[in-house]
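Notes to accompany the following structure.
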Number of protein chains: 2
Amino acid sequence: MMHVVCLDLEGVLIPEIWKGVASLTGIESLNRTTRDEPDYDKLMHYRLEILDRHRIGMNEIRQVIGSIQPLEGAVAFLDWLRGRTQVIILSDTFYEFAQPLLGKLNHPTIFCHNLEIDSDARITGYTLRQKDQKRKAVEALRSLNYEVISAGDSYNDLSMLEASNHGILFHPPEQIVRDFPQFPVTLSYSALGKELADRISSDPYPG
Amino acid sequence: MMHVVCLDLEGVLIPEIWKGVASLTGIESLNRTTRDEPDYDKLMHYRLEILDRHRIGMNEIRQVIGSIQPLEGAVAFLDWLRGRTQVIILSDTFYEFAQPLLGKLNHPTIFCHNLEIDSDARITGYTLRQKDQKRKAVEALRSLNYEVISAGDSYNDLSMLEASNHGILFHPPEQIVRDFPQFPVTLSYSALGKELADRISSDPYPG
């Protein structure tokens, strides 16, 4: 059986991008994430409205994102995994945000969304490539006869985990642990690596 | 519009693996490829029968594959492309063959097939993940609202090129050029990079 491992990006391999933007700009209200507001569309309209009110465009946000580093151990973990099986990052972030970070992760394949940016580098909107894209990507991979194992940390990962042959939680909030006892909970790359190695019949993760 | 570029592996990024096996083992009859025999299943049974007759197992073939290098310019070209869009390799090779070469290509995502290997490292058979997997992968990606651009060199790439929004031939045999005039023909990474850059609205390929 051939496997594809689908990983969430923010909270699993890199810090939350919007928290970084909130921190650098000092705009507290940008600290909301999908953990606080499960309706992603609602959350994004809220964020873009705030950015526009503060006249923050792509150039300002690129500065923040350029200074974000992958989570400690993330690069080694991802390199290990990619040497053993196929990995696709499924993220509800935007390619324009993710791009400078993807280089730091050695360019894994990512499926995400796009921002709409005008000629003055103002973020005018966003394009969701499709609704519930994480679940649909898992279903598409299963239609190609792949066994899909996925790992994520948040509300927008749950349909991905449910659609997969095996779903794994990584550093989830307590509410999710309580509501979704069917998914194993991992709190380190070592533990996540062990869960994955068992599934793909690999040697254990040395981290 | 978000893009995924699907690339064939052998003949596009690395030399034909079976030609390498033929060359090292001196078994001329292993030089057949999908260019000579479009029926892939027939070709594979023919190959495995020859290997078994000569008592050549995974260990011997790994030696050959370990000495194969990517085509000249392939790594720089693939790195350039992966910095600009999403790339998935669609290959009818086997993961067990491809793995040592994937590291040399900086671990792109690959969809391919699996060999069946027994405990004595004898290749006992193979598992096609699915029939016409290249076309099905393109269709799956399009169902995720991706615009798919694909490039390949041989008969087993034609259904992939046809299913894509844009298909590009790379170093194809003359017969394919004659029979499929709808696909642009490229003979260098520079030309292929130009075709791709036009489609994904990227800066030109500097190679």
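Chains: A, B, ... in order of the structure tokens. Residues: from 1 per chain. Ligands: from 1, in order shown.
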Give the residues of chain A that lie within 6 Å of chain B; count only C-alpha atoms, and format the answer as a PyMOL selection string.
chain A and resi 86+109+140
Please return, as a PyMOL selection string, all residues of chain A that DSSP assigns to helix (DSSP H, G or I) on the basis of the backbone.
chain A and resi 17-25+28-31+40-53+58-67+74-82+95-104+133-143+155-163+174-179+189-200
I'd like the contact shell of segment 165-175 of chain B - 8 Å cut-off, only C-alpha atoms, skipping same-chain residues fewer than 3 positions apart - returned as a ChimeraX atom specification.
/B:11-12,35,147-154,160-162,178-179,183-188,192,195
Report as a PyMOL selection string all protein, DNA and RNA residues lying within 8 Å of Asp52 of chain A, evaluated on only C-alpha atoms, omitting residues in the same chain fewer than 5 positions from it.
chain A and resi 57+122-123
Go through A:Leu81, A:Met44, A:Leu158, A:Ala121 and flag the residue nearest Ile200 of chain A, using only C-alpha atoms for the distances.
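Going through A:Leu81, A:Met44, A:Leu158, A:Ala121 one by one, the smallest distance to Ile200 of chain A is for A:Leu81.
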Can you tell me, as a VMD selection string, what residues are no more than 9 Å from Leu71 of chain B when counting only C-alpha atoms, ignoring any on the same chain fewer than 3 positions away?
chain B and resid 11 to 15 74 to 75
What gap, in Å, lies between atom CA of Ser164 of chain B and atom CA of Ser91 of chain B?
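Between atom CA of Ser164 of chain B and atom CA of Ser91 of chain B the gap works out to 15.4 Å.
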